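Text of run.pdb, listed as PDB, C-alpha atoms, pLDDT in the B column:
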```pdb
ATOM      1  CA  MET A1107      18.105 -63.977  35.119  1.00 80.00           C
ATOM      2  CA  VAL A1108      19.524 -64.030  38.649  1.00 87.00           C
ATOM      3  CA  CYS A1109      18.592 -61.636  41.464  1.00 85.00           C
ATOM      4  CA  TYR A1110      20.953 -61.488  44.438  1.00 86.00           C
ATOM      5  CA  MET A1111      21.373 -58.938  47.235  1.00 87.00           C
ATOM      6  CA  GLY A1112      19.308 -56.381  45.347  1.00 86.00           C
ATOM      7  CA  PHE A1113      21.344 -56.703  42.133  1.00 89.00           C
ATOM      8  CA  ILE A1114      20.032 -58.154  38.878  1.00 89.00           C
ATOM      9  CA  TYR A1115      22.110 -60.299  36.522  1.00 91.00           C
ATOM     10  CA  THR A1116      21.389 -61.535  33.005  1.00 89.00           C
ATOM     11  CA  LYS A1117      22.998 -64.428  31.144  1.00 89.00           C
ATOM     12  CA  GLU A1118      26.146 -63.517  29.263  1.00 88.00           C
ATOM     13  CA  LYS A1119      27.232 -66.941  28.007  1.00 88.00           C
ATOM     14  CA  TYR A1120      27.208 -70.664  28.687  1.00 88.00           C
ATOM     15  CA  ALA A1121      30.312 -72.734  29.413  1.00 88.00           C
ATOM     16  CA  THR A1122      30.669 -76.493  29.705  1.00 88.00           C
ATOM     17  CA  THR A1123      29.985 -76.628  33.427  1.00 92.00           C
ATOM     18  CA  LYS A1124      28.665 -73.182  34.285  1.00 92.00           C
ATOM     19  CA  ILE A1125      26.684 -70.127  33.229  1.00 93.00           C
ATOM     20  CA  ILE A1126      28.278 -66.695  33.310  1.00 93.00           C
ATOM     21  CA  PHE A1127      26.038 -63.801  34.311  1.00 93.00           C
ATOM     22  CA  ARG A1128      26.697 -60.087  34.110  1.00 92.00           C
ATOM     23  CA  CYS A1129      25.038 -57.145  35.810  1.00 92.00           C
ATOM     24  CA  GLN A1130      21.941 -55.926  34.020  1.00 87.00           C
ATOM     25  CA  ASN A1131      23.405 -52.410  33.991  1.00 87.00           C
ATOM     26  CA  ARG A1132      25.690 -52.541  30.979  1.00 83.00           C
ATOM     27  CA  SER A1133      27.955 -49.837  32.376  1.00 87.00           C
ATOM     28  CA  CYS A1134      28.753 -52.142  35.304  1.00 91.00           C
ATOM     29  CA  LYS A1135      31.319 -54.935  34.931  1.00 90.00           C
ATOM     30  CA  ALA A1136      30.133 -57.086  37.836  1.00 93.00           C
ATOM     31  CA  ARG A1137      29.783 -60.783  37.031  1.00 93.00           C
ATOM     32  CA  CYS A1138      29.046 -64.087  38.715  1.00 93.00           C
ATOM     33  CA  HIS A1139      29.121 -67.775  37.741  1.00 94.00           C
ATOM     34  CA  THR A1140      26.505 -70.403  38.582  1.00 94.00           C
ATOM     35  CA  ASN A1141      26.135 -74.088  37.890  1.00 92.00           C
ATOM     36  CA  LEU A1142      23.991 -75.120  34.924  1.00 90.00           C
ATOM     37  CA  SER A1143      20.846 -75.415  37.041  1.00 88.00           C
ATOM     38  CA  MET A1144      21.410 -71.872  38.376  1.00 88.00           C
ATOM     39  CA  ASP A1145      20.906 -72.880  42.005  1.00 87.00           C
ATOM     40  CA  THR A1146      24.518 -72.562  43.224  1.00 91.00           C
ATOM     41  CA  PHE A1147      27.144 -69.853  42.828  1.00 92.00           C
ATOM     42  CA  LEU A1148      30.457 -71.198  41.557  1.00 92.00           C
ATOM     43  CA  SER A1149      32.002 -67.764  42.032  1.00 89.00           C
ATOM     44  CA  GLN A1150      30.554 -64.968  44.106  1.00 89.00           C
ATOM     45  CA  PRO A1151      29.485 -61.751  42.353  1.00 90.00           C
ATOM     46  CA  THR A1152      32.223 -59.185  41.865  1.00 93.00           C
ATOM     47  CA  ASP A1153      31.823 -55.569  43.003  1.00 92.00           C
ATOM     48  CA  HIS A1154      29.318 -53.262  41.339  1.00 92.00           C
ATOM     49  CA  ASN A1155      29.849 -49.595  40.497  1.00 90.00           C
ATOM     50  CA  HIS A1156      26.277 -48.642  41.417  1.00 89.00           C
ATOM     51  CA  ALA A1157      23.808 -49.134  44.228  1.00 88.00           C
ATOM     52  CA  PRO A1158      21.601 -52.229  44.548  1.00 88.00           C
ATOM     53  CA  SER A1159      17.957 -51.839  43.580  1.00 84.00           C
ATOM     54  CA  PRO A1160      15.924 -54.360  45.588  1.00 86.00           C
ATOM     55  CA  GLU A1161      12.734 -52.472  44.715  1.00 85.00           C
ATOM     56  CA  ARG A1162      13.162 -53.379  41.041  1.00 86.00           C
ATOM     57  CA  ILE A1163      12.935 -57.122  41.613  1.00 87.00           C
ATOM     58  CA  PRO A1164       9.166 -57.226  42.327  1.00 88.00           C
ATOM     59  CA  VAL A1165       8.627 -55.073  39.214  1.00 88.00           C
ATOM     60  CA  ILE A1166      10.589 -57.560  37.083  1.00 87.00           C
ATOM     61  CA  GLU A1167       8.496 -60.370  38.551  1.00 88.00           C
ATOM     62  CA  LEU A1168       5.367 -58.368  37.744  1.00 89.00           C
ATOM     63  CA  HIS A1169       6.459 -58.027  34.112  1.00 88.00           C
ATOM     64  CA  SER A1170       7.026 -61.772  33.856  1.00 88.00           C
ATOM     65  CA  GLU A1171       3.631 -62.483  35.365  1.00 90.00           C
ATOM     66  CA  ILE A1172       1.625 -60.177  33.109  1.00 91.00           C
ATOM     67  CA  LYS A1173       3.446 -61.429  29.999  1.00 90.00           C
ATOM     68  CA  ALA A1174       2.703 -65.045  30.884  1.00 89.00           C
ATOM     69  CA  ARG A1175      -0.948 -64.335  31.624  1.00 90.00           C
ATOM     70  CA  ALA A1176      -1.314 -62.355  28.406  1.00 89.00           C
ATOM     71  CA  VAL A1177      -0.240 -65.411  26.412  1.00 86.00           C
ATOM     72  CA  THR A1178      -2.043 -68.121  28.367  1.00 87.00           C
ATOM     73  CA  SER A1179      -5.322 -66.458  29.361  1.00 86.00           C
ATOM     74  CA  GLU A1180      -8.192 -64.610  27.728  1.00 84.00           C
ATOM     75  CA  GLU A1181      -8.496 -62.078  30.538  1.00 87.00           C
ATOM     76  CA  SER A1182      -8.734 -58.441  29.553  1.00 89.00           C
ATOM     77  CA  THR A1183      -5.661 -56.245  29.741  1.00 89.00           C
ATOM     78  CA  SER A1184      -7.079 -54.306  32.700  1.00 88.00           C
ATOM     79  CA  VAL A1185      -7.963 -57.446  34.649  1.00 89.00           C
ATOM     80  CA  ILE A1186      -4.469 -58.892  34.217  1.00 91.00           C
ATOM     81  CA  LEU A1187      -2.803 -55.658  35.247  1.00 89.00           C
ATOM     82  CA  HIS A1188      -4.957 -54.782  38.241  1.00 89.00           C
ATOM     83  CA  SER A1189      -4.952 -58.273  39.726  1.00 89.00           C
ATOM     84  CA  SER A1190      -1.160 -58.495  39.370  1.00 89.00           C
ATOM     85  CA  LEU A1191      -0.631 -55.090  40.972  1.00 89.00           C
ATOM     86  CA  ARG A1192      -2.488 -56.159  44.117  1.00 87.00           C
ATOM     87  CA  THR A1193       0.482 -58.220  45.292  1.00 85.00           C
ATOM     88  CA  LEU A1194       3.174 -55.648  44.464  1.00 86.00           C
ATOM     89  CA  PRO A1195       4.943 -54.371  47.625  1.00 85.00           C
ATOM     90  CA  LEU A1196       4.462 -50.672  48.318  1.00 82.00           C
ATOM     91  CA  SER A1197       8.239 -50.219  48.419  1.00 80.00           C
ATOM     92  CA  ALA A1198       8.417 -51.189  44.726  1.00 82.00           C
ATOM     93  CA  THR A1199       5.827 -48.745  43.421  1.00 82.00           C
ATOM     94  CA  SER A1200       8.448 -46.069  42.760  1.00 79.00           C
ATOM     95  CA  GLU A1201      10.009 -48.376  40.143  1.00 82.00           C
ATOM     96  CA  LEU A1202       6.777 -48.983  38.243  1.00 84.00           C
ATOM     97  CA  PRO A1203       6.484 -47.628  34.713  1.00 83.00           C
ATOM     98  CA  ARG A1204       3.349 -45.742  33.740  1.00 86.00           C
ATOM     99  CA  THR A1205       0.130 -47.760  33.612  1.00 86.00           C
ATOM    100  CA  GLU A1206      -0.194 -47.307  29.859  1.00 87.00           C
ATOM    101  CA  MET A1207       3.280 -48.775  29.356  1.00 87.00           C
ATOM    102  CA  LEU A1208       2.320 -51.863  31.369  1.00 88.00           C
ATOM    103  CA  LYS A1209      -0.817 -52.245  29.281  1.00 89.00           C
ATOM    104  CA  GLN A1210       1.279 -52.020  26.128  1.00 87.00           C
ATOM    105  CA  THR A1211       3.473 -54.823  27.473  1.00 87.00           C
ATOM    106  CA  ILE A1212       0.401 -57.033  27.771  1.00 89.00           C
ATOM    107  CA  ARG A1213      -0.961 -56.084  24.366  1.00 87.00           C
ATOM    108  CA  ARG A1214       2.375 -56.752  22.672  1.00 84.00           C
ATOM    109  CA  GLN A1215       2.237 -60.372  23.821  1.00 84.00           C
ATOM    110  CA  ARG A1216      -1.028 -60.763  21.928  1.00 77.00           C
ATOM    111  CA  GLN A1217      -0.028 -59.344  18.587  1.00 67.00           C
ATOM    112  CA  THR A1218       2.813 -59.484  16.106  1.00 51.00           C
ATOM    113  CA  PRO A1219       4.888 -56.284  16.179  1.00 51.00           C
ATOM    114  CA  ALA A1220       4.178 -54.310  13.045  1.00 49.00           C
ATOM    115  CA  THR A1221       5.963 -51.829  10.856  1.00 50.00           C
ATOM    116  CA  THR A1222       4.452 -48.971   8.926  1.00 51.00           C
ATOM    117  CA  SER A1223       3.800 -48.999   5.190  1.00 50.00           C
ATOM    118  CA  THR A1224       7.325 -47.628   4.704  1.00 55.00           C
ATOM    119  CA  ASP A1225       8.839 -50.392   6.893  1.00 59.00           C
ATOM    120  CA  ASP A1226       9.538 -47.947   9.733  1.00 66.00           C
ATOM    121  CA  LEU A1227       8.967 -49.067  13.313  1.00 66.00           C
ATOM    122  CA  THR A1228       5.584 -48.205  14.787  1.00 67.00           C
ATOM    123  CA  ASP A1229       5.391 -45.558  17.515  1.00 65.00           C
ATOM    124  CA  ASP A1230       4.986 -48.063  20.370  1.00 63.00           C
ATOM    125  CA  LEU A1231       8.297 -49.713  19.433  1.00 65.00           C
ATOM    126  CA  ARG A1232      10.158 -46.412  19.520  1.00 65.00           C
ATOM    127  CA  LYS A1233       9.883 -46.030  23.298  1.00 63.00           C
ATOM    128  CA  THR A1234      10.927 -48.043  26.346  1.00 60.00           C
ATOM    129  CA  TYR A1235       8.281 -49.521  28.634  1.00 55.00           C
ATOM    130  CA  ARG A1236       8.804 -46.406  30.789  1.00 56.00           C
ATOM    131  CA  GLY A1237       7.825 -44.185  27.880  1.00 62.00           C
ATOM    132  CA  GLU A1238      11.345 -42.864  27.271  1.00 62.00           C
ATOM    133  CA  ASP A1239      12.544 -42.200  23.724  1.00 62.00           C
ATOM    134  CA  PHE A1240      14.342 -45.349  22.643  1.00 58.00           C
ATOM    135  CA  LEU A1241      15.074 -44.956  18.936  1.00 61.00           C
ATOM    136  CA  LEU A1242      18.168 -42.888  18.180  1.00 53.00           C
ATOM    137  CA  HIS A1243      18.584 -43.660  14.466  1.00 57.00           C
ATOM    138  CA  GLU A1244      16.678 -45.667  11.870  1.00 63.00           C
ATOM    139  CA  GLU A1245      17.436 -46.452   8.252  1.00 61.00           C
ATOM    140  CA  LYS A1246      16.906 -49.413   5.942  1.00 62.00           C
ATOM    141  CA  ASP A1247      19.876 -51.478   7.091  1.00 60.00           C
ATOM    142  CA  MET A1248      20.486 -50.156  10.604  1.00 55.00           C
ATOM    143  CA  ILE A1249      18.517 -49.281  13.722  1.00 62.00           C
ATOM    144  CA  ILE A1250      20.199 -47.792  16.799  1.00 53.00           C
ATOM    145  CA  PHE A1251      18.422 -47.848  20.156  1.00 55.00           C
ATOM    146  CA  THR A1252      19.481 -45.885  23.211  1.00 52.00           C
ATOM    147  CA  THR A1253      18.159 -43.925  26.180  1.00 54.00           C
ATOM    148  CA  LYS A1254      19.269 -40.313  26.302  1.00 53.00           C
ATOM    149  CA  SER A1255      20.103 -39.688  29.923  1.00 56.00           C
ATOM    150  CA  CYS A1256      23.124 -39.070  32.118  1.00 60.00           C
ATOM    151  CA  LEU A1257      21.136 -39.858  35.254  1.00 68.00           C
ATOM    152  CA  PHE A1258      22.657 -43.340  35.512  1.00 73.00           C
ATOM    153  CA  HIS A1259      26.185 -41.927  35.596  1.00 76.00           C
ATOM    154  CA  PHE A1260      25.142 -39.317  38.151  1.00 81.00           C
ATOM    155  CA  GLY A1261      23.730 -42.128  40.283  1.00 82.00           C
ATOM    156  CA  GLN A1262      26.979 -44.065  39.865  1.00 84.00           C
ATOM    157  CA  SER A1263      28.944 -41.140  41.254  1.00 87.00           C
ATOM    158  CA  VAL A1264      26.680 -40.856  44.291  1.00 89.00           C
ATOM    159  CA  TRP A1265      26.827 -44.621  44.863  1.00 88.00           C
ATOM    160  CA  ARG A1266      30.639 -44.614  44.785  1.00 89.00           C
ATOM    161  CA  HIS A1267      30.619 -42.058  47.567  1.00 89.00           C
ATOM    162  CA  VAL A1268      28.081 -44.088  49.546  1.00 91.00           C
ATOM    163  CA  GLN A1269      30.627 -46.908  49.355  1.00 90.00           C
ATOM    164  CA  ASN A1270      33.635 -44.687  50.063  1.00 89.00           C
ATOM    165  CA  LYS A1271      31.962 -43.219  53.151  1.00 88.00           C
ATOM    166  CA  GLY A1272      31.330 -46.701  54.569  1.00 90.00           C
ATOM    167  CA  LEU A1273      27.557 -46.498  54.116  1.00 91.00           C
ATOM    168  CA  SER A1274      27.000 -49.499  51.826  1.00 89.00           C
ATOM    169  CA  ALA A1275      25.567 -51.711  54.564  1.00 90.00           C
ATOM    170  CA  LYS A1276      23.281 -48.922  55.743  1.00 90.00           C
ATOM    171  CA  TYR A1277      22.021 -48.469  52.185  1.00 90.00           C
ATOM    172  CA  LYS A1278      21.185 -52.159  51.848  1.00 88.00           C
ATOM    173  CA  GLU A1279      19.591 -52.527  55.287  1.00 88.00           C
ATOM    174  CA  ASP A1280      17.932 -49.159  55.952  1.00 89.00           C
ATOM    175  CA  GLU A1281      14.973 -48.512  53.650  1.00 89.00           C
ATOM    176  CA  ASN A1282      14.640 -44.866  54.740  1.00 89.00           C
ATOM    177  CA  PHE A1283      18.299 -44.163  54.044  1.00 91.00           C
ATOM    178  CA  ARG A1284      18.012 -45.856  50.647  1.00 90.00           C
ATOM    179  CA  LEU A1285      14.993 -43.699  49.810  1.00 89.00           C
ATOM    180  CA  ASN A1286      16.793 -40.540  50.935  1.00 90.00           C
ATOM    181  CA  VAL A1287      19.776 -41.305  48.691  1.00 91.00           C
ATOM    182  CA  LYS A1288      17.403 -41.789  45.770  1.00 88.00           C
ATOM    183  CA  MET A1289      15.777 -38.454  46.572  1.00 88.00           C
ATOM    184  CA  LEU A1290      19.211 -36.824  46.416  1.00 90.00           C
ATOM    185  CA  ILE A1291      19.655 -38.253  42.929  1.00 87.00           C
ATOM    186  CA  GLY A1292      16.114 -37.171  42.088  1.00 85.00           C
ATOM    187  CA  LEU A1293      17.097 -33.530  42.619  1.00 86.00           C
ATOM    188  CA  ALA A1294      18.344 -33.702  39.027  1.00 81.00           C
ATOM    189  CA  TYR A1295      14.714 -33.475  37.898  1.00 76.00           C
ATOM    190  CA  LEU A1296      13.993 -30.215  39.720  1.00 79.00           C
ATOM    191  CA  PRO A1297      14.042 -26.806  38.043  1.00 78.00           C
ATOM    192  CA  LEU A1298      17.370 -25.124  38.755  1.00 75.00           C
ATOM    193  CA  SER A1299      15.713 -22.482  40.929  1.00 81.00           C
ATOM    194  CA  ASP A1300      14.326 -25.187  43.258  1.00 85.00           C
ATOM    195  CA  VAL A1301      17.427 -27.350  43.678  1.00 85.00           C
ATOM    196  CA  ILE A1302      18.821 -25.686  46.818  1.00 87.00           C
ATOM    197  CA  THR A1303      15.441 -25.720  48.550  1.00 88.00           C
ATOM    198  CA  GLY A1304      14.958 -29.339  47.532  1.00 89.00           C
ATOM    199  CA  PHE A1305      18.393 -30.264  48.834  1.00 89.00           C
ATOM    200  CA  ASP A1306      17.677 -28.615  52.191  1.00 88.00           C
ATOM    201  CA  LEU A1307      14.456 -30.610  52.530  1.00 90.00           C
ATOM    202  CA  VAL A1308      16.074 -33.926  51.595  1.00 91.00           C
ATOM    203  CA  ALA A1309      19.154 -33.315  53.761  1.00 90.00           C
ATOM    204  CA  SER A1310      16.960 -32.801  56.819  1.00 89.00           C
ATOM    205  CA  GLU A1311      15.727 -36.406  56.475  1.00 89.00           C
ATOM    206  CA  PHE A1312      19.195 -37.976  56.863  1.00 91.00           C
ATOM    207  CA  ASP A1313      20.635 -39.266  60.132  1.00 87.00           C
ATOM    208  CA  ASP A1314      23.808 -37.714  61.530  1.00 86.00           C
ATOM    209  CA  ASP A1315      25.954 -40.624  60.335  1.00 87.00           C
ATOM    210  CA  ALA A1316      25.340 -39.535  56.729  1.00 89.00           C
ATOM    211  CA  GLU A1317      26.782 -36.058  57.249  1.00 89.00           C
ATOM    212  CA  CYS A1318      29.914 -36.935  55.268  1.00 90.00           C
ATOM    213  CA  LEU A1319      27.791 -37.985  52.282  1.00 91.00           C
ATOM    214  CA  LEU A1320      25.766 -34.771  52.419  1.00 90.00           C
ATOM    215  CA  ASP A1321      28.948 -32.697  52.622  1.00 89.00           C
ATOM    216  CA  TYR A1322      30.259 -34.385  49.471  1.00 89.00           C
ATOM    217  CA  PHE A1323      26.965 -33.920  47.635  1.00 91.00           C
ATOM    218  CA  GLU A1324      26.647 -30.284  48.643  1.00 89.00           C
ATOM    219  CA  LYS A1325      30.220 -29.399  47.730  1.00 87.00           C
ATOM    220  CA  THR A1326      30.155 -31.284  44.414  1.00 87.00           C
ATOM    221  CA  TRP A1327      26.623 -30.740  43.117  1.00 86.00           C
ATOM    222  CA  ILE A1328      25.049 -27.847  45.043  1.00 85.00           C
ATOM    223  CA  GLY A1329      27.925 -25.444  45.608  1.00 77.00           C
ATOM    224  CA  GLU A1330      26.344 -23.491  48.441  1.00 56.00           C
ATOM    225  CA  PRO A1331      26.442 -24.035  52.234  1.00 57.00           C
ATOM    226  CA  ARG A1332      23.439 -25.951  53.498  1.00 50.00           C
ATOM    227  CA  ARG A1333      21.116 -23.959  55.739  1.00 48.00           C
ATOM    228  CA  ARG A1334      20.048 -25.741  58.927  1.00 46.00           C
TER     229      ARG A1334
END
```

Whole structure given in structure tokens:
Amino acid sequence: MVCYMGFIYTKEKYATTKIIFRCQNRSCKARCHTNLSMDTFLSQPTDHNHAPSPERIPVIELHSEIKARAVTSEESTSVILHSSLRTLPLSATSELPRTEMLKQTIRRQRQTPATTSTDDLTDDLRKTYRGEDFLLHEEKDMIIFTTKSCLFHFGQSVWRHVQNKGLSAKYKEDENFRLNVKMLIGLAYLPLSDVITGFDLVASEFDDDAECLLDYFEKTWIGEPRRR
């Protein structure tokens, strides 16, 4: 895995003199090439179709740490989790899965995944570490996993307009602006009756230089003039 400029890449394939990485988001076609020791880029990453997520990197590191400690130590699940969380930056807490999901991650390292008496997957293997439904279809010879959400594509659309409005650098450098954009996307979780009020509250947190982004969002997703 490679983390660079807030983007996360996973290995796609090895070549004779390089390793090819692709963006962890499978709907994104961004790629980069490194040497075999993964300490030098042989080709710079191509453009992404979504925003960077620097807050996710400490969470990925946390997952690696708790998995390693689960295998190599006899500490209790709670001790491993709580001691690892102490060093997590506050800015990354919004990306954390639920505590029970993190505990399951630790416990899974200490046991062999099981099936039921009918060879079906157990309940804990039917969900992602965030607790989202993960199993779409299961039969004897085929299992299909997926997450049932259009939120990623909604976020892609917003990110494209962040880029088109010349706000990419601001997104990467300004933590408050990055949080505000995420809150715009988070309006998708509100009850329909609360969306306009929620938009008004979020919009009031943006600086004037983001007015063009708010105009796009309001016209495309809200459909009603913003009250000031």

| request: Would you write out, as number ranges by chain, every residue that the PyMOL selection byres ((chain A and resi 1281-1297) around 9) captures in this file? | output: A: 1197, 1257, 1260-1261, 1264-1265, 1268, 1276-1280, 1298-1301, 1304-1305, 1308-1309, 1311-1313, 1316, 1323

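The result of the PyMOL selection byres ((chain A and resi 1319) around 9) on the shown file is Val1264, His1267, Val1268, Lys1271, Leu1273, Asp1315, Ala1316, Glu1317, Cys1318, Leu1320, Asp1321, Tyr1322, Phe1323 and Glu1324 of chain A.
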
| message | Could you tell me, as a PyMOL selection string, exactly which residues end up selected when the PyMOL selection byres ((chain A and resi 1119) around 12) is applied to this structure? | response | chain A and resi 1107+1115-1118+1120-1128+1137-1140+1142

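Interatomic distance, atom CA of Gln1269 of chain A against atom CA of Arg1162 of chain A: 20.4 Å.
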
| request: Could you check how far atom CA of Leu1194 of chain A sits from atom CA of Ser1159 of chain A, in Å to one decimal? | output: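 Going from atom CA of Leu1194 of chain A over to atom CA of Ser1159 of chain A, I get 15.3 Å.
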
| task | Have a look at A:Leu1187, A:Gly1272, A:Asn1141, A:Ser1170 and name the one nearest to Arg1204 of chain A; count only C-alpha atoms. | result |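 Among the listed residues, the smallest separation from Arg1204 of chain A belongs to A:Leu1187.
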
| field | Interatomic distance, atom CA of Thr1152 of chain A to atom CA of Ala1136 of chain A (Å, one decimal) | value | 5.0 Å

| field | Distance criterion (only C-alpha atoms): nearest to Thr1303 of chain A out of A:Ile1328, A:Cys1109, A:Cys1134, A:Ile1212 | value | A:Ile1328

Polymer residues at most 12 Å from Glu1167 of chain A, all atoms listed in the file, same-chain spacing of 2 or more positions, as a PDB file with C-alpha atoms, in the coordinates of the input:
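Saved the output as around35.pdb:
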```pdb
ATOM      1  CA  MET A1107      18.105 -63.977  35.119  1.00 80.00           C
ATOM      2  CA  VAL A1108      19.524 -64.030  38.649  1.00 87.00           C
ATOM      3  CA  CYS A1109      18.592 -61.636  41.464  1.00 85.00           C
ATOM      4  CA  ILE A1114      20.032 -58.154  38.878  1.00 89.00           C
ATOM      5  CA  PRO A1160      15.924 -54.360  45.588  1.00 86.00           C
ATOM      6  CA  GLU A1161      12.734 -52.472  44.715  1.00 85.00           C
ATOM      7  CA  ARG A1162      13.162 -53.379  41.041  1.00 86.00           C
ATOM      8  CA  ILE A1163      12.935 -57.122  41.613  1.00 87.00           C
ATOM      9  CA  PRO A1164       9.166 -57.226  42.327  1.00 88.00           C
ATOM     10  CA  VAL A1165       8.627 -55.073  39.214  1.00 88.00           C
ATOM     11  CA  HIS A1169       6.459 -58.027  34.112  1.00 88.00           C
ATOM     12  CA  SER A1170       7.026 -61.772  33.856  1.00 88.00           C
ATOM     13  CA  GLU A1171       3.631 -62.483  35.365  1.00 90.00           C
ATOM     14  CA  ILE A1172       1.625 -60.177  33.109  1.00 91.00           C
ATOM     15  CA  LYS A1173       3.446 -61.429  29.999  1.00 90.00           C
ATOM     16  CA  ALA A1174       2.703 -65.045  30.884  1.00 89.00           C
ATOM     17  CA  SER A1190      -1.160 -58.495  39.370  1.00 89.00           C
ATOM     18  CA  LEU A1191      -0.631 -55.090  40.972  1.00 89.00           C
ATOM     19  CA  THR A1193       0.482 -58.220  45.292  1.00 85.00           C
ATOM     20  CA  LEU A1194       3.174 -55.648  44.464  1.00 86.00           C
ATOM     21  CA  PRO A1195       4.943 -54.371  47.625  1.00 85.00           C
ATOM     22  CA  ALA A1198       8.417 -51.189  44.726  1.00 82.00           C
ATOM     23  CA  LEU A1202       6.777 -48.983  38.243  1.00 84.00           C
TER      24      LEU A1202
END
```
